[in-house]
Amino acid sequence: MQSVFRKAIAALMAIGLLTAPSARAEDWLKAETTHFTIYSNASDKKTRTYAKKLEAFRTLTNMLLGASDNGPQPRFTLYMLSKDDQLLLVRPYFARQVGGVYFNCTEGTQAYGAVQNTSGSEQDWNLIVLFHEYSHYVMFQHARTYYPAWYVEGFAEYLSTADPENGTITIGEMSKGRSYTLAEDRWISFNKVLDPDFGFAGDKTNDRWEIESFYAQSWLLAHYMLSDDKRAQALNAYFVRLRNGEAPVPAFEAATGIKVAALKSILQRYAEKTYYLKVPVTDYPDSQLTVTPISATDAGYLLDASLLTTCPGDDQGKAILGRLQARLTSQASTDLRLAVGRGQLLYGDAHTAESDLKALVDSQPGSFDANYLLGRAYLKEAEAKTGEAASALTDQARAAFTAAYRLKKLDAPNLYFLARSFSNKPGFPDMNVVNAANGAHVLAPGVLDYAGMAAFADLVNDRRDDAVAALEPFVGDPHNRQQAERIKNTIDAIKSGKPTEDVMKIMNSGASSAEPPASK
């Protein structure tokens, strides 16, 4: 079975992977390792334990990918919440069964997971949730296409049961929780599982068992497909068919040779004899760990401030801004003032944001966030102006983004907006724009805005193959078929040699500013 799993992993690499109540303020901690920043209101001991195990899990994903640490290494940010009800603060419309969520949008990339007392359980559910969310990050960092919803969640479940312990780490271990769900024999139709329009996590109208069954069946189907090298290779053909616009069920049956109507009986038999791989890891890389308490004052708005980087909708964003503003006093901390500035920029008045942020930059020129957000405010104001006034504000924005870049080079949003701030310069987009746009795309390849900017800069500079490569992962997006079709048409236009202006019209036609979907 080890040989089979290794073949499956090799095939997976070929596919392109390897996707209410408030916390007590005094309990919040900030833990930093080499590759993670973790904000937690769980216990100090639990926070330290999970931080170390996340680093070990990262080692596993690098092994599967054959990846090295030679490239850029931005830290991944994760929020550990001591109650699942706190996820209703993250998004009020979430179903109560959601245990974690991963956001990947223009404003940032981070995850939230509920961490509770699970003593006495057969598996550490908290760790499973954290590994699940980080697996989404791994998927979107390395994907070369978009994957259907069942596979996005099923693959994350497949990796989530990994167990780093005593010089080994397991892959594909049985999920006790998902097995219990399947044993209830309340399976939903696999036509529904494969349907990209099924509201599997966020719709409160879904029956609890529909949500639980979706995750459990997606996990078992992913496990089954990845446990055999031929089935794993067939997944690639299935993804290609989806990308080409085929309907989900016919695409699956044609690529795999498996009738969807027979999947339940096939998987029930498979569940009786599932295997997992135990990989020896003789020495995990050293990772420094520091844990510091967050003051009660700062902890009181920590979660709200973080949500501004997850691209919430207008109503939630304005509500967050209102709560942050209510906390402002003459003695407010720099972090709170920055949070209010970000909220004003995104959901309030850009001119007010600019005035407040400029005062912060004047008093703290070494603050990355103050310089970056000031650049955003200038750029937003420039978009409302014309002529010399717009150009002068754009120059100021570029100066602020450049100052922020000198303070922190591995920040995707800053690089993206820096690229945009060259728009008033002759020769736009020149190689400065190419480098900044592609830098943002490399750091966060799952964000369409970054990919689109990189593609535009590459097109103008006669790098058409690079432009296509940046956009291809978005062609099969199961969450937004209209957008996926638009990107497919854009790529067809690039390949057919259409002028850049025509290509960009296609790419920007019908673009939506709605809140992007998140992975749970």
# chains A, B, ... in the order shown; residues from 1 in each chain; ligands from 1
call {"tool": "residues_around", "arguments": {"residues": "region 468-476 of chain A", "least_positions_apart": "2", "cutoff": "7 Å", "atoms": "only C-alpha atoms", "output": "JSON, numbers by chain"}}
result
{"A": [143, 144, 145, 146, 147, 242, 243, 451, 452, 455, 464, 465, 466, 478, 484, 485, 487, 488, 491]}
call {"tool": "residues_around", "arguments": {"residues": "region 324-328 of chain A", "least_positions_apart": "6", "cutoff": "10 Å", "atoms": "only C-alpha atoms", "output": "list in words"}}
result
Thr297, Gly300, Tyr301, Leu302, Asp304, Ala305, Lys318, Leu336, Arg337, Ala339, Val340, Gly341, Gly343 and Gln344 of chain A
call {"tool": "residues_around", "arguments": {"residues": "region 380-389 of chain A", "least_positions_apart": "3", "cutoff": "9 Å", "atoms": "only C-alpha atoms", "output": "JSON, numbers by chain"}}
result
{"A": [345, 350, 351, 354, 375, 376, 377, 392, 393, 394, 397]}
call {"tool": "write_last_selection", "arguments": {"atoms": "C-alpha atoms", "output": "mmCIF file, in the first residue's frame"}}
result
data_model
loop_
_atom_site.group_PDB
_atom_site.id
_atom_site.type_symbol
_atom_site.label_atom_id
_atom_site.label_comp_id
_atom_site.auth_asym_id
_atom_site.auth_seq_id
_atom_site.Cartn_x
_atom_site.Cartn_y
_atom_site.Cartn_z
ATOM 1 C CA LEU A 345 -10.829 53.235 3.385
ATOM 2 C CA ALA A 350 -11.371 57.734 1.750
ATOM 3 C CA HIS A 351 -10.520 61.378 2.460
ATOM 4 C CA GLU A 354 -6.181 59.610 4.162
ATOM 5 C CA GLY A 375 -1.218 54.507 -0.400
ATOM 6 C CA ARG A 376 -4.588 52.783 -0.693
ATOM 7 C CA ALA A 377 -6.374 55.959 0.442
ATOM 8 C CA ALA A 392 -0.807 63.858 -8.290
ATOM 9 C CA LEU A 393 -2.712 61.541 -5.928
ATOM 10 C CA THR A 394 -1.464 58.505 -7.867
ATOM 11 C CA ALA A 397 0.057 56.552 -3.622
#
call {"tool": "closest_residue", "arguments": {"among": "A:Arg269, A:Lys358, A:Lys30, A:Arg58", "to": "Tyr79 (chain A)", "atoms": "only C-alpha atoms"}}
result
A:Lys30
call {"tool": "closest_residue", "arguments": {"among": "A:Glu32, A:Asp195, A:Asp335, A:Glu173", "to": "Leu360 (chain A)", "atoms": "only C-alpha atoms"}}
result
A:Asp335
call {"tool": "select_by_dssp", "arguments": {"residues": "region 258-455 of chain A", "states": "alpha helix (DSSP H)", "output": "count of residues only"}}
result
129
call {"tool": "select_by_dssp", "arguments": {"residues": "region 163-271 of chain A", "states": "strand (DSSP E)", "output": "ChimeraX atom specification"}}
result
/A:164-165,168-171
call {"tool": "atom_distance", "arguments": {"atom1": "CA of Leu78 (chain A)", "atom2": "CA of Ala111 (chain A)"}}
result
4.8 Å
call {"tool": "atom_distance", "arguments": {"atom1": "CA of Ala299 (chain A)", "atom2": "CA of Lys409 (chain A)"}}
result
27.3 Å
call {"tool": "atom_distance", "arguments": {"atom1": "CA of Tyr180 (chain A)", "atom2": "CA of Pro280 (chain A)"}}
result
29.0 Å
call {"tool": "closest_residue", "arguments": {"among": "A:Gln73, A:Ser175, A:Ser421, A:Asn62", "to": "Gly154 (chain A)", "atoms": "only C-alpha atoms"}}
result
A:Ser175
call {"tool": "closest_atom_pairs", "arguments": {"of": "region 372-481 of chain A", "to": "region 87-107 of chain A", "cutoff": "9 Å", "atoms": "only C-alpha atoms", "output": "JSON lines"}}
result
{"residue": "A:Ala412", "atom": "CA", "partner": "A:Thr106", "partner_atom": "CA", "distance": 8.7}
{"residue": "A:Pro413", "atom": "CA", "partner": "A:Glu107", "partner_atom": "CA", "distance": 6.3}
{"residue": "A:Tyr416", "atom": "CA", "partner": "A:Thr106", "partner_atom": "CA", "distance": 8.7}
{"residue": "A:Ala444", "atom": "CA", "partner": "A:Asn104", "partner_atom": "CA", "distance": 8.1}
{"residue": "A:Gly446", "atom": "CA", "partner": "A:Asn104", "partner_atom": "CA", "distance": 6.8}
{"residue": "A:Val447", "atom": "CA", "partner": "A:Cys105", "partner_atom": "CA", "distance": 5.5}
{"residue": "A:Leu448", "atom": "CA", "partner": "A:Cys105", "partner_atom": "CA", "distance": 7.9}
{"residue": "A:Asp449", "atom": "CA", "partner": "A:Thr106", "partner_atom": "CA", "distance": 6.5}
{"residue": "A:Tyr450", "atom": "CA", "partner": "A:Thr106", "partner_atom": "CA", "distance": 7.4}
call {"tool": "write_last_selection", "arguments": {"atoms": "N, CA, C and O atoms", "output": "PDB file, in the first residue's frame"}}
result
ATOM      1  N   ALA A 412       1.685  40.577  -0.607  1.00  0.00           N
ATOM      2  CA  ALA A 412       1.019  40.526  -1.910  1.00  0.00           C
ATOM      3  C   ALA A 412       0.109  41.728  -2.171  1.00  0.00           C
ATOM      4  O   ALA A 412       0.169  42.315  -3.260  1.00  0.00           O
ATOM      5  N   PRO A 413      -0.761  42.133  -1.217  1.00  0.00           N
ATOM      6  CA  PRO A 413      -1.621  43.288  -1.511  1.00  0.00           C
ATOM      7  C   PRO A 413      -0.826  44.547  -1.835  1.00  0.00           C
ATOM      8  O   PRO A 413      -1.176  45.292  -2.765  1.00  0.00           O
ATOM      9  N   TYR A 416       0.539  44.347  -5.358  1.00  0.00           N
ATOM     10  CA  TYR A 416      -0.543  44.496  -6.341  1.00  0.00           C
ATOM     11  C   TYR A 416      -0.916  45.963  -6.527  1.00  0.00           C
ATOM     12  O   TYR A 416      -0.999  46.465  -7.666  1.00  0.00           O
ATOM     13  N   ALA A 444       0.442  35.047  -3.841  1.00  0.00           N
ATOM     14  CA  ALA A 444      -0.958  34.655  -3.635  1.00  0.00           C
ATOM     15  C   ALA A 444      -1.590  34.312  -4.982  1.00  0.00           C
ATOM     16  O   ALA A 444      -2.409  35.066  -5.511  1.00  0.00           O
ATOM     17  N   GLY A 446      -3.851  32.363  -5.866  1.00  0.00           N
ATOM     18  CA  GLY A 446      -5.273  32.069  -5.903  1.00  0.00           C
ATOM     19  C   GLY A 446      -6.171  33.286  -5.925  1.00  0.00           C
ATOM     20  O   GLY A 446      -7.395  33.149  -5.891  1.00  0.00           O
ATOM     21  N   VAL A 447      -5.592  34.497  -5.982  1.00  0.00           N
ATOM     22  CA  VAL A 447      -6.387  35.729  -5.999  1.00  0.00           C
ATOM     23  C   VAL A 447      -6.519  36.216  -7.440  1.00  0.00           C
ATOM     24  O   VAL A 447      -5.514  36.554  -8.079  1.00  0.00           O
ATOM     25  N   LEU A 448      -7.742  36.271  -7.960  1.00  0.00           N
ATOM     26  CA  LEU A 448      -7.952  36.603  -9.370  1.00  0.00           C
ATOM     27  C   LEU A 448      -7.487  38.009  -9.708  1.00  0.00           C
ATOM     28  O   LEU A 448      -6.933  38.239 -10.787  1.00  0.00           O
ATOM     29  N   ASP A 449      -7.698  38.986  -8.827  1.00  0.00           N
ATOM     30  CA  ASP A 449      -7.253  40.342  -9.116  1.00  0.00           C
ATOM     31  C   ASP A 449      -5.749  40.391  -9.370  1.00  0.00           C
ATOM     32  O   ASP A 449      -5.279  41.095 -10.272  1.00  0.00           O
ATOM     33  N   TYR A 450      -4.990  39.658  -8.577  1.00  0.00           N
ATOM     34  CA  TYR A 450      -3.537  39.640  -8.751  1.00  0.00           C
ATOM     35  C   TYR A 450      -3.177  38.958 -10.075  1.00  0.00           C
ATOM     36  O   TYR A 450      -2.306  39.442 -10.819  1.00  0.00           O
TER      37      TYR A 450
END
